[in-house]
file final26.cif (mmCIF, N, CA and C atoms)
data_entry
#
loop_
_atom_site.label_atom_id
_atom_site.label_comp_id
_atom_site.auth_asym_id
_atom_site.auth_seq_id
_atom_site.Cartn_x
_atom_site.Cartn_y
_atom_site.Cartn_z
N MET A 4 0.82 -1.19 0.00
CA MET A 4 0.00 0.00 0.00
C MET A 4 0.86 1.26 0.00
N ILE A 5 1.98 1.24 0.68
CA ILE A 5 2.84 2.40 0.74
C ILE A 5 3.42 2.73 -0.63
N LYS A 6 3.66 1.72 -1.47
CA LYS A 6 4.28 1.92 -2.77
C LYS A 6 3.35 2.60 -3.78
N LYS A 7 2.04 2.58 -3.54
CA LYS A 7 1.09 3.17 -4.49
C LYS A 7 1.39 4.65 -4.68
N GLY A 8 1.48 5.06 -5.95
CA GLY A 8 1.73 6.45 -6.27
C GLY A 8 3.21 6.81 -6.32
N MET A 9 4.09 5.85 -6.06
CA MET A 9 5.51 6.13 -6.04
C MET A 9 6.27 5.27 -7.06
N GLU A 10 5.56 4.74 -8.07
CA GLU A 10 6.15 3.82 -9.03
C GLU A 10 7.17 4.48 -9.95
N ASN A 11 6.99 5.74 -10.26
CA ASN A 11 7.81 6.40 -11.27
C ASN A 11 8.90 7.30 -10.69
N LEU A 12 9.41 6.96 -9.53
CA LEU A 12 10.42 7.79 -8.89
C LEU A 12 11.69 7.94 -9.72
N HIS A 13 12.04 6.94 -10.50
CA HIS A 13 13.32 6.96 -11.20
C HIS A 13 13.21 7.42 -12.64
N LYS A 14 12.02 7.77 -13.13
CA LYS A 14 11.81 8.14 -14.52
C LYS A 14 11.45 9.62 -14.62
N MET A 15 12.44 10.50 -14.48
CA MET A 15 12.12 11.92 -14.53
C MET A 15 13.31 12.72 -15.04
N GLU A 16 13.01 13.89 -15.58
CA GLU A 16 14.02 14.84 -16.02
C GLU A 16 14.23 15.87 -14.92
N ASN A 17 15.44 16.42 -14.82
CA ASN A 17 15.72 17.42 -13.79
C ASN A 17 14.81 18.63 -13.90
N SER A 18 14.43 19.02 -15.12
CA SER A 18 13.58 20.20 -15.29
C SER A 18 12.16 19.96 -14.77
N ASP A 19 11.80 18.72 -14.57
CA ASP A 19 10.47 18.39 -14.07
C ASP A 19 10.42 18.28 -12.56
N THR A 20 11.52 18.59 -11.89
CA THR A 20 11.57 18.36 -10.44
C THR A 20 11.60 19.67 -9.67
N ARG A 21 11.28 19.55 -8.38
CA ARG A 21 11.36 20.67 -7.44
C ARG A 21 12.09 20.20 -6.20
N VAL A 22 12.71 21.12 -5.51
CA VAL A 22 13.33 20.83 -4.23
C VAL A 22 12.32 21.21 -3.16
N ALA A 23 12.20 20.34 -2.15
CA ALA A 23 11.28 20.61 -1.06
C ALA A 23 11.89 20.13 0.25
N VAL A 24 11.40 20.70 1.34
CA VAL A 24 11.75 20.25 2.68
C VAL A 24 10.48 19.72 3.31
N ILE A 25 10.53 18.46 3.72
CA ILE A 25 9.41 17.86 4.44
C ILE A 25 9.80 17.83 5.91
N SER A 26 9.03 18.55 6.72
CA SER A 26 9.26 18.57 8.17
C SER A 26 8.30 17.60 8.82
N ILE A 27 8.84 16.71 9.63
CA ILE A 27 8.05 15.64 10.23
C ILE A 27 8.19 15.70 11.75
N ILE A 28 7.06 15.70 12.44
CA ILE A 28 7.04 15.59 13.90
C ILE A 28 6.48 14.20 14.23
N VAL A 29 7.23 13.44 15.01
CA VAL A 29 6.83 12.08 15.37
C VAL A 29 6.51 12.04 16.86
N GLU A 30 5.23 11.84 17.18
CA GLU A 30 4.80 11.73 18.57
C GLU A 30 4.47 10.30 18.95
N ASN A 31 4.40 9.41 17.96
CA ASN A 31 4.12 7.99 18.21
C ASN A 31 5.29 7.16 17.68
N PRO A 32 6.15 6.65 18.57
CA PRO A 32 7.31 5.89 18.13
C PRO A 32 6.95 4.61 17.37
N ASP A 33 5.73 4.12 17.52
CA ASP A 33 5.30 2.93 16.78
C ASP A 33 5.21 3.19 15.27
N SER A 34 5.15 4.46 14.87
CA SER A 34 5.07 4.81 13.45
C SER A 34 6.43 4.88 12.76
N VAL A 35 7.51 4.80 13.53
CA VAL A 35 8.86 4.95 12.96
C VAL A 35 9.17 3.91 11.88
N PRO A 36 8.84 2.62 12.04
CA PRO A 36 9.13 1.68 10.95
C PRO A 36 8.43 2.05 9.64
N LYS A 37 7.19 2.51 9.70
CA LYS A 37 6.46 2.93 8.49
C LYS A 37 7.07 4.19 7.89
N ILE A 38 7.52 5.11 8.73
CA ILE A 38 8.20 6.32 8.24
C ILE A 38 9.43 5.91 7.45
N ASN A 39 10.24 5.04 8.03
CA ASN A 39 11.46 4.60 7.35
C ASN A 39 11.15 3.85 6.05
N GLU A 40 10.07 3.09 6.03
CA GLU A 40 9.67 2.37 4.82
C GLU A 40 9.31 3.36 3.70
N ILE A 41 8.54 4.38 4.04
CA ILE A 41 8.14 5.39 3.06
C ILE A 41 9.37 6.14 2.55
N LEU A 42 10.25 6.54 3.45
CA LEU A 42 11.44 7.28 3.04
C LEU A 42 12.39 6.41 2.23
N HIS A 43 12.45 5.13 2.53
CA HIS A 43 13.30 4.22 1.76
C HIS A 43 12.86 4.16 0.29
N LEU A 44 11.55 4.21 0.05
CA LEU A 44 11.04 4.18 -1.32
C LEU A 44 11.44 5.41 -2.11
N ALA A 45 11.66 6.52 -1.43
CA ALA A 45 12.05 7.77 -2.09
C ALA A 45 13.54 8.05 -1.94
N ALA A 46 14.31 7.09 -1.47
CA ALA A 46 15.72 7.30 -1.11
C ALA A 46 16.56 7.89 -2.23
N ASP A 47 16.32 7.49 -3.47
CA ASP A 47 17.12 8.00 -4.59
C ASP A 47 16.89 9.48 -4.85
N ASN A 48 15.81 10.03 -4.34
CA ASN A 48 15.48 11.43 -4.56
C ASN A 48 15.74 12.30 -3.33
N ILE A 49 16.13 11.68 -2.22
CA ILE A 49 16.39 12.41 -0.98
C ILE A 49 17.81 12.95 -1.00
N ILE A 50 17.94 14.26 -0.85
CA ILE A 50 19.24 14.92 -0.83
C ILE A 50 19.87 14.79 0.55
N GLY A 51 19.06 14.95 1.59
CA GLY A 51 19.57 14.88 2.95
C GLY A 51 18.46 14.64 3.95
N ARG A 52 18.87 14.14 5.12
CA ARG A 52 17.92 13.83 6.19
C ARG A 52 18.57 14.18 7.52
N MET A 53 17.81 14.86 8.38
CA MET A 53 18.30 15.18 9.71
C MET A 53 17.23 14.80 10.72
N GLY A 54 17.60 14.04 11.72
CA GLY A 54 16.67 13.65 12.76
C GLY A 54 17.15 14.16 14.11
N ILE A 55 16.23 14.71 14.87
CA ILE A 55 16.55 15.26 16.19
C ILE A 55 15.60 14.67 17.22
N PRO A 56 16.10 13.87 18.16
CA PRO A 56 15.25 13.42 19.25
C PRO A 56 15.13 14.54 20.29
N TYR A 57 13.92 14.88 20.66
CA TYR A 57 13.70 15.94 21.66
C TYR A 57 13.11 15.28 22.90
N LYS A 58 14.00 14.83 23.77
CA LYS A 58 13.61 14.04 24.94
C LYS A 58 12.71 14.81 25.90
N LYS A 59 12.89 16.12 26.02
CA LYS A 59 12.08 16.92 26.94
C LYS A 59 10.59 16.79 26.62
N LYS A 60 10.25 16.73 25.34
CA LYS A 60 8.84 16.62 24.92
C LYS A 60 8.48 15.21 24.48
N ASN A 61 9.47 14.30 24.48
CA ASN A 61 9.26 12.91 24.07
C ASN A 61 8.75 12.82 22.63
N ILE A 62 9.38 13.62 21.75
CA ILE A 62 9.05 13.60 20.33
C ILE A 62 10.34 13.53 19.51
N ASN A 63 10.20 13.26 18.24
CA ASN A 63 11.32 13.29 17.30
C ASN A 63 10.97 14.22 16.16
N ILE A 64 11.95 14.99 15.71
CA ILE A 64 11.78 15.91 14.60
C ILE A 64 12.69 15.43 13.47
N ILE A 65 12.12 15.29 12.28
CA ILE A 65 12.89 14.86 11.12
C ILE A 65 12.69 15.87 10.01
N SER A 66 13.79 16.26 9.36
CA SER A 66 13.73 17.11 8.18
C SER A 66 14.28 16.34 7.00
N ILE A 67 13.53 16.32 5.92
CA ILE A 67 13.92 15.63 4.69
C ILE A 67 14.02 16.66 3.58
N VAL A 68 15.14 16.69 2.87
CA VAL A 68 15.27 17.54 1.68
C VAL A 68 15.22 16.59 0.49
N ILE A 69 14.30 16.88 -0.44
CA ILE A 69 14.04 15.96 -1.55
C ILE A 69 13.98 16.75 -2.86
N ASP A 70 14.44 16.13 -3.94
CA ASP A 70 14.39 16.74 -5.27
C ASP A 70 13.72 15.75 -6.20
N THR A 71 12.46 16.01 -6.52
CA THR A 71 11.68 15.10 -7.35
C THR A 71 10.45 15.81 -7.89
N LYS A 72 9.59 15.09 -8.58
CA LYS A 72 8.35 15.67 -9.11
C LYS A 72 7.40 16.07 -7.98
N LEU A 73 6.60 17.08 -8.25
CA LEU A 73 5.64 17.57 -7.25
C LEU A 73 4.70 16.47 -6.77
N ASP A 74 4.21 15.64 -7.68
CA ASP A 74 3.28 14.60 -7.25
C ASP A 74 3.94 13.58 -6.33
N VAL A 75 5.23 13.32 -6.54
CA VAL A 75 5.94 12.39 -5.66
C VAL A 75 6.15 13.01 -4.28
N ILE A 76 6.51 14.30 -4.26
CA ILE A 76 6.68 15.00 -2.97
C ILE A 76 5.37 14.97 -2.20
N ARG A 77 4.28 15.28 -2.89
CA ARG A 77 2.97 15.28 -2.23
C ARG A 77 2.59 13.89 -1.74
N THR A 78 2.91 12.87 -2.52
CA THR A 78 2.60 11.49 -2.12
C THR A 78 3.38 11.12 -0.87
N VAL A 79 4.67 11.41 -0.86
CA VAL A 79 5.51 11.08 0.31
C VAL A 79 5.00 11.82 1.54
N SER A 80 4.80 13.13 1.42
CA SER A 80 4.33 13.93 2.54
C SER A 80 2.96 13.48 3.03
N GLY A 81 2.06 13.19 2.09
CA GLY A 81 0.71 12.74 2.46
C GLY A 81 0.72 11.41 3.18
N LYS A 82 1.53 10.47 2.69
CA LYS A 82 1.60 9.16 3.34
C LYS A 82 2.18 9.29 4.75
N LEU A 83 3.18 10.15 4.91
CA LEU A 83 3.76 10.37 6.23
C LEU A 83 2.74 11.00 7.18
N GLY A 84 2.03 12.01 6.69
CA GLY A 84 1.07 12.73 7.53
C GLY A 84 -0.14 11.92 7.94
N ARG A 85 -0.42 10.83 7.21
CA ARG A 85 -1.55 9.98 7.57
C ARG A 85 -1.20 8.90 8.60
N LEU A 86 0.07 8.79 8.94
CA LEU A 86 0.46 7.80 9.95
C LEU A 86 0.02 8.29 11.34
N PRO A 87 -0.33 7.36 12.22
CA PRO A 87 -0.76 7.76 13.57
C PRO A 87 0.36 8.45 14.35
N GLY A 88 0.04 9.61 14.92
CA GLY A 88 1.01 10.34 15.73
C GLY A 88 2.11 11.00 14.93
N VAL A 89 1.87 11.24 13.64
CA VAL A 89 2.87 11.87 12.77
C VAL A 89 2.24 13.08 12.09
N THR A 90 2.96 14.20 12.11
CA THR A 90 2.56 15.40 11.38
C THR A 90 3.64 15.69 10.36
N ALA A 91 3.25 15.96 9.11
CA ALA A 91 4.21 16.28 8.05
C ALA A 91 3.74 17.52 7.30
N LYS A 92 4.65 18.47 7.15
CA LYS A 92 4.38 19.70 6.40
C LYS A 92 5.51 19.91 5.40
N THR A 93 5.19 20.50 4.26
CA THR A 93 6.16 20.63 3.18
C THR A 93 6.30 22.07 2.73
N ALA A 94 7.54 22.50 2.50
CA ALA A 94 7.84 23.79 1.89
C ALA A 94 8.56 23.51 0.56
N TYR A 95 8.14 24.20 -0.50
CA TYR A 95 8.64 23.95 -1.84
C TYR A 95 9.51 25.12 -2.34
N SER A 96 10.52 24.76 -3.15
CA SER A 96 11.29 25.80 -3.84
C SER A 96 10.44 26.32 -5.01
N LYS A 97 10.78 27.50 -5.49
CA LYS A 97 10.06 28.05 -6.64
C LYS A 97 10.62 27.49 -7.94
N LYS A 98 11.80 26.88 -7.89
CA LYS A 98 12.44 26.34 -9.09
C LYS A 98 12.42 24.83 -9.07
#
call {"tool": "encode", "arguments": {"input": "final26.cif", "output": "structure tokens"}}
result
Amino acid sequence: MIKKGMENLHKMENSDTRVAVISIIVENPDSVPKINEILHLAADNIIGRMGIPYKKKNINIISIVIDTKLDVIRTVSGKLGRLPGVTAKTAYSKK
């Protein structure tokens, strides 16, 4: 089910892509395996990833920088945001 909508990750031209930052807040540690599964499917398009455990609030913050088609970015962000205890928001480059 996670793979749906992500079949064409490797078939794109650079001019058809955008750079985006997906910010993820994880409040449910049980969702971490699914997060990693979703990100693994987009791994070839991920430029960088930073994870910060915030023990004071018992949450994790993850930032993903990705360069791919808009529909793929939206699919990744949407799948992440639908996981229990996970919030995902995306900022897009203009180019």
call {"tool": "closest_atom_pairs", "arguments": {"input": "final26.cif", "of": "region 6-78 of chain A", "to": "region 89-96 of chain A", "cutoff": "6 Å", "atoms": "only C-alpha atoms", "output": "Markdown table"}}
result
| residue | atom | partner | partner_atom | distance |
| --- | --- | --- | --- | --- |
| A:Val22 | CA | A:Ser96 | CA | 5.4 |
| A:Ala23 | CA | A:Tyr95 | CA | 4.3 |
| A:Val24 | CA | A:Ala94 | CA | 5.3 |
| A:Ile25 | CA | A:Thr93 | CA | 4.5 |
| A:Ser26 | CA | A:Lys92 | CA | 5.3 |
| A:Ile27 | CA | A:Ala91 | CA | 4.5 |
| A:Ile28 | CA | A:Thr90 | CA | 5.1 |
| A:Val29 | CA | A:Val89 | CA | 4.7 |
call {"tool": "select_by_dssp", "arguments": {"input": "final26.cif", "residues": "chain A", "states": "strand (DSSP E)", "output": "ChimeraX atom specification"}}
result
/A:21-29,49-57,62-71,89-95
call {"tool": "closest_residue", "arguments": {"input": "final26.cif", "among": "A:Val68, A:Arg21, A:Asp74, A:Lys82", "to": "Ile50 (chain A)", "atoms": "only N, CA and C atoms"}}
result
A:Val68
call {"tool": "closest_residue", "arguments": {"input": "final26.cif", "among": "A:Ile38, A:Leu86, A:Asp19, A:Tyr57", "to": "Thr71 (chain A)", "atoms": "only C-alpha atoms"}}
result
A:Asp19
call {"tool": "atom_distance", "arguments": {"input": "final26.cif", "atom1": "CA of Asp70 (chain A)", "atom2": "atom N of Arg52 (chain A)"}}
result
11.6 Å
call {"tool": "residues_near_point", "arguments": {"input": "final26.cif", "point": "(9.7, 4.9, 2.6)", "cutoff": "12 Å", "atoms": "only C-alpha atoms", "output": "PDB file with N, CA and C atoms, keeping the file's coordinate frame"}}
result
ATOM      1  N   MET A   4       0.820  -1.190   0.000  1.00  0.00           N
ATOM      2  CA  MET A   4       0.000   0.000   0.000  1.00  0.00           C
ATOM      3  C   MET A   4       0.860   1.260   0.000  1.00  0.00           C
ATOM      4  N   ILE A   5       1.980   1.240   0.680  1.00  0.00           N
ATOM      5  CA  ILE A   5       2.840   2.400   0.740  1.00  0.00           C
ATOM      6  C   ILE A   5       3.420   2.730  -0.630  1.00  0.00           C
ATOM      7  N   LYS A   6       3.660   1.720  -1.470  1.00  0.00           N
ATOM      8  CA  LYS A   6       4.280   1.920  -2.770  1.00  0.00           C
ATOM      9  C   LYS A   6       3.350   2.600  -3.780  1.00  0.00           C
ATOM     10  N   LYS A   7       2.040   2.580  -3.540  1.00  0.00           N
ATOM     11  CA  LYS A   7       1.090   3.170  -4.490  1.00  0.00           C
ATOM     12  C   LYS A   7       1.390   4.650  -4.680  1.00  0.00           C
ATOM     13  N   MET A   9       4.090   5.850  -6.060  1.00  0.00           N
ATOM     14  CA  MET A   9       5.510   6.130  -6.040  1.00  0.00           C
ATOM     15  C   MET A   9       6.270   5.270  -7.060  1.00  0.00           C
ATOM     16  N   LEU A  12       9.410   6.960  -9.530  1.00  0.00           N
ATOM     17  CA  LEU A  12      10.420   7.790  -8.890  1.00  0.00           C
ATOM     18  C   LEU A  12      11.690   7.940  -9.720  1.00  0.00           C
ATOM     19  N   SER A  34       5.150   4.460  14.870  1.00  0.00           N
ATOM     20  CA  SER A  34       5.070   4.810  13.450  1.00  0.00           C
ATOM     21  C   SER A  34       6.430   4.880  12.760  1.00  0.00           C
ATOM     22  N   VAL A  35       7.510   4.800  13.530  1.00  0.00           N
ATOM     23  CA  VAL A  35       8.860   4.950  12.960  1.00  0.00           C
ATOM     24  C   VAL A  35       9.170   3.910  11.880  1.00  0.00           C
ATOM     25  N   PRO A  36       8.840   2.620  12.040  1.00  0.00           N
ATOM     26  CA  PRO A  36       9.130   1.680  10.950  1.00  0.00           C
ATOM     27  C   PRO A  36       8.430   2.050   9.640  1.00  0.00           C
ATOM     28  N   LYS A  37       7.190   2.510   9.700  1.00  0.00           N
ATOM     29  CA  LYS A  37       6.460   2.930   8.490  1.00  0.00           C
ATOM     30  C   LYS A  37       7.070   4.190   7.890  1.00  0.00           C
ATOM     31  N   ILE A  38       7.520   5.110   8.730  1.00  0.00           N
ATOM     32  CA  ILE A  38       8.200   6.320   8.240  1.00  0.00           C
ATOM     33  C   ILE A  38       9.430   5.910   7.450  1.00  0.00           C
ATOM     34  N   ASN A  39      10.240   5.040   8.030  1.00  0.00           N
ATOM     35  CA  ASN A  39      11.460   4.600   7.350  1.00  0.00           C
ATOM     36  C   ASN A  39      11.150   3.850   6.050  1.00  0.00           C
ATOM     37  N   GLU A  40      10.070   3.090   6.030  1.00  0.00           N
ATOM     38  CA  GLU A  40       9.670   2.370   4.820  1.00  0.00           C
ATOM     39  C   GLU A  40       9.310   3.360   3.700  1.00  0.00           C
ATOM     40  N   ILE A  41       8.540   4.380   4.040  1.00  0.00           N
ATOM     41  CA  ILE A  41       8.140   5.390   3.060  1.00  0.00           C
ATOM     42  C   ILE A  41       9.370   6.140   2.550  1.00  0.00           C
ATOM     43  N   LEU A  42      10.250   6.540   3.450  1.00  0.00           N
ATOM     44  CA  LEU A  42      11.440   7.280   3.040  1.00  0.00           C
ATOM     45  C   LEU A  42      12.390   6.410   2.230  1.00  0.00           C
ATOM     46  N   HIS A  43      12.450   5.130   2.530  1.00  0.00           N
ATOM     47  CA  HIS A  43      13.300   4.220   1.760  1.00  0.00           C
ATOM     48  C   HIS A  43      12.860   4.160   0.290  1.00  0.00           C
ATOM     49  N   LEU A  44      11.550   4.210   0.050  1.00  0.00           N
ATOM     50  CA  LEU A  44      11.040   4.180  -1.320  1.00  0.00           C
ATOM     51  C   LEU A  44      11.440   5.410  -2.110  1.00  0.00           C
ATOM     52  N   ALA A  45      11.660   6.520  -1.430  1.00  0.00           N
ATOM     53  CA  ALA A  45      12.050   7.770  -2.090  1.00  0.00           C
ATOM     54  C   ALA A  45      13.540   8.050  -1.940  1.00  0.00           C
ATOM     55  N   ALA A  46      14.310   7.090  -1.470  1.00  0.00           N
ATOM     56  CA  ALA A  46      15.720   7.300  -1.110  1.00  0.00           C
ATOM     57  C   ALA A  46      16.560   7.890  -2.230  1.00  0.00           C
ATOM     58  N   ASP A  47      16.320   7.490  -3.470  1.00  0.00           N
ATOM     59  CA  ASP A  47      17.120   8.000  -4.590  1.00  0.00           C
ATOM     60  C   ASP A  47      16.890   9.480  -4.850  1.00  0.00           C
ATOM     61  N   ASN A  48      15.810  10.030  -4.340  1.00  0.00           N
ATOM     62  CA  ASN A  48      15.480  11.430  -4.560  1.00  0.00           C
ATOM     63  C   ASN A  48      15.740  12.300  -3.330  1.00  0.00           C
ATOM     64  N   ILE A  49      16.130  11.680  -2.220  1.00  0.00           N
ATOM     65  CA  ILE A  49      16.390  12.410  -0.980  1.00  0.00           C
ATOM     66  C   ILE A  49      17.810  12.950  -1.000  1.00  0.00           C
ATOM     67  N   ILE A  67      13.530  16.320   5.920  1.00  0.00           N
ATOM     68  CA  ILE A  67      13.920  15.630   4.690  1.00  0.00           C
ATOM     69  C   ILE A  67      14.020  16.660   3.580  1.00  0.00           C
ATOM     70  N   VAL A  75       5.230  13.320  -6.540  1.00  0.00           N
ATOM     71  CA  VAL A  75       5.940  12.390  -5.660  1.00  0.00           C
ATOM     72  C   VAL A  75       6.150  13.010  -4.280  1.00  0.00           C
ATOM     73  N   ILE A  76       6.510  14.300  -4.260  1.00  0.00           N
ATOM     74  CA  ILE A  76       6.680  15.000  -2.970  1.00  0.00           C
ATOM     75  C   ILE A  76       5.370  14.970  -2.200  1.00  0.00           C
ATOM     76  N   THR A  78       2.910  12.870  -2.520  1.00  0.00           N
ATOM     77  CA  THR A  78       2.600  11.490  -2.120  1.00  0.00           C
ATOM     78  C   THR A  78       3.380  11.120  -0.870  1.00  0.00           C
ATOM     79  N   VAL A  79       4.670  11.410  -0.860  1.00  0.00           N
ATOM     80  CA  VAL A  79       5.510  11.080   0.310  1.00  0.00           C
ATOM     81  C   VAL A  79       5.000  11.820   1.540  1.00  0.00           C
ATOM     82  N   SER A  80       4.800  13.130   1.420  1.00  0.00           N
ATOM     83  CA  SER A  80       4.330  13.930   2.540  1.00  0.00           C
ATOM     84  C   SER A  80       2.960  13.480   3.030  1.00  0.00           C
ATOM     85  N   GLY A  81       2.060  13.190   2.090  1.00  0.00           N
ATOM     86  CA  GLY A  81       0.710  12.740   2.460  1.00  0.00           C
ATOM     87  C   GLY A  81       0.720  11.410   3.180  1.00  0.00           C
ATOM     88  N   LYS A  82       1.530  10.470   2.690  1.00  0.00           N
ATOM     89  CA  LYS A  82       1.600   9.160   3.340  1.00  0.00           C
ATOM     90  C   LYS A  82       2.180   9.290   4.750  1.00  0.00           C
ATOM     91  N   LEU A  83       3.180  10.150   4.910  1.00  0.00           N
ATOM     92  CA  LEU A  83       3.760  10.370   6.230  1.00  0.00           C
ATOM     93  C   LEU A  83       2.740  11.000   7.180  1.00  0.00           C
TER      94      LEU A  83
END
call {"tool": "atom_distance", "arguments": {"input": "final26.cif", "atom1": "CA of Ser66 (chain A)", "atom2": "CA of Lys98 (chain A)"}}
result
19.6 Å
call {"tool": "select_by_dssp", "arguments": {"input": "final26.cif", "residues": "chain A", "states": "helix (DSSP H, G or I)", "output": "MDAnalysis selection string"}}
result
chainID A and resid 17:19 32:44 46:48 73:84
call {"tool": "residues_around", "arguments": {"input": "final26.cif", "residues": "Glu30 (chain A)", "least_positions_apart": "5", "cutoff": "9 Å", "atoms": "only C-alpha atoms", "output": "PDB file with N, CA and C atoms, keeping the file's coordinate frame"}}
result
ATOM      1  N   LYS A  60      10.250  16.730  25.340  1.00  0.00           N
ATOM      2  CA  LYS A  60       8.840  16.620  24.920  1.00  0.00           C
ATOM      3  C   LYS A  60       8.480  15.210  24.480  1.00  0.00           C
ATOM      4  N   ASN A  61       9.470  14.300  24.480  1.00  0.00           N
ATOM      5  CA  ASN A  61       9.260  12.910  24.070  1.00  0.00           C
ATOM      6  C   ASN A  61       8.750  12.820  22.630  1.00  0.00           C
ATOM      7  N   ILE A  62       9.380  13.620  21.750  1.00  0.00           N
ATOM      8  CA  ILE A  62       9.050  13.600  20.330  1.00  0.00           C
ATOM      9  C   ILE A  62      10.340  13.530  19.510  1.00  0.00           C
ATOM     10  N   ASN A  63      10.200  13.260  18.240  1.00  0.00           N
ATOM     11  CA  ASN A  63      11.320  13.290  17.300  1.00  0.00           C
ATOM     12  C   ASN A  63      10.970  14.220  16.160  1.00  0.00           C
ATOM     13  N   PRO A  87      -0.330   7.360  12.220  1.00  0.00           N
ATOM     14  CA  PRO A  87      -0.760   7.760  13.570  1.00  0.00           C
ATOM     15  C   PRO A  87       0.360   8.450  14.350  1.00  0.00           C
ATOM     16  N   GLY A  88       0.040   9.610  14.920  1.00  0.00           N
ATOM     17  CA  GLY A  88       1.010  10.340  15.730  1.00  0.00           C
ATOM     18  C   GLY A  88       2.110  11.000  14.930  1.00  0.00           C
ATOM     19  N   VAL A  89       1.870  11.240  13.640  1.00  0.00           N
ATOM     20  CA  VAL A  89       2.870  11.870  12.770  1.00  0.00           C
ATOM     21  C   VAL A  89       2.240  13.080  12.090  1.00  0.00           C
ATOM     22  N   THR A  90       2.960  14.200  12.110  1.00  0.00           N
ATOM     23  CA  THR A  90       2.560  15.400  11.380  1.00  0.00           C
ATOM     24  C   THR A  90       3.640  15.690  10.360  1.00  0.00           C
TER      25      THR A  90
END
call {"tool": "closest_residue", "arguments": {"input": "final26.cif", "among": "A:Asp33, A:Lys97, A:Arg85, A:Gly51", "to": "Ile69 (chain A)", "atoms": "all atoms listed in the file"}}
result
A:Gly51
call {"tool": "atom_distance", "arguments": {"input": "final26.cif", "atom1": "atom N of Arg77 (chain A)", "atom2": "atom N of Thr20 (chain A)"}}
result
12.0 Å
call {"tool": "decode", "arguments": {"input": "final26.cif", "residues": "region 57-74 of chain A", "atoms": "N, CA and C atoms", "output": "short mmCIF file (atom, residue, chain, number, x, y, z; two decimals), in the first residue's frame"}}
result
data_model
loop_
_atom_site.label_atom_id
_atom_site.label_comp_id
_atom_site.auth_asym_id
_atom_site.auth_seq_id
_atom_site.Cartn_x
_atom_site.Cartn_y
_atom_site.Cartn_z
N TYR A 57 13.92 14.88 20.66
CA TYR A 57 13.70 15.94 21.66
C TYR A 57 13.11 15.28 22.90
N LYS A 58 14.00 14.83 23.77
CA LYS A 58 13.61 14.04 24.94
C LYS A 58 12.71 14.81 25.90
N LYS A 59 12.89 16.12 26.02
CA LYS A 59 12.08 16.92 26.94
C LYS A 59 10.59 16.79 26.62
N LYS A 60 10.25 16.73 25.34
CA LYS A 60 8.84 16.62 24.92
C LYS A 60 8.48 15.21 24.48
N ASN A 61 9.47 14.30 24.48
CA ASN A 61 9.26 12.91 24.07
C ASN A 61 8.75 12.82 22.63
N ILE A 62 9.38 13.62 21.75
CA ILE A 62 9.05 13.60 20.33
C ILE A 62 10.34 13.53 19.51
N ASN A 63 10.20 13.26 18.24
CA ASN A 63 11.32 13.29 17.30
C ASN A 63 10.97 14.22 16.16
N ILE A 64 11.95 14.99 15.71
CA ILE A 64 11.78 15.91 14.60
C ILE A 64 12.69 15.43 13.47
N ILE A 65 12.12 15.29 12.28
CA ILE A 65 12.89 14.86 11.12
C ILE A 65 12.69 15.87 10.01
N SER A 66 13.79 16.26 9.36
CA SER A 66 13.73 17.11 8.18
C SER A 66 14.28 16.34 7.00
N ILE A 67 13.53 16.32 5.92
CA ILE A 67 13.92 15.63 4.69
C ILE A 67 14.02 16.66 3.58
N VAL A 68 15.14 16.69 2.87
CA VAL A 68 15.27 17.54 1.68
C VAL A 68 15.22 16.59 0.49
N ILE A 69 14.30 16.88 -0.44
CA ILE A 69 14.04 15.96 -1.55
C ILE A 69 13.98 16.75 -2.86
N ASP A 70 14.44 16.13 -3.94
CA ASP A 70 14.39 16.74 -5.27
C ASP A 70 13.72 15.75 -6.20
N THR A 71 12.46 16.01 -6.52
CA THR A 71 11.68 15.10 -7.35
C THR A 71 10.45 15.81 -7.89
N LYS A 72 9.59 15.09 -8.58
CA LYS A 72 8.35 15.67 -9.11
C LYS A 72 7.40 16.07 -7.98
N LEU A 73 6.60 17.08 -8.25
CA LEU A 73 5.64 17.57 -7.25
C LEU A 73 4.70 16.47 -6.77
N ASP A 74 4.21 15.64 -7.68
CA ASP A 74 3.28 14.60 -7.25
C ASP A 74 3.94 13.58 -6.33
#
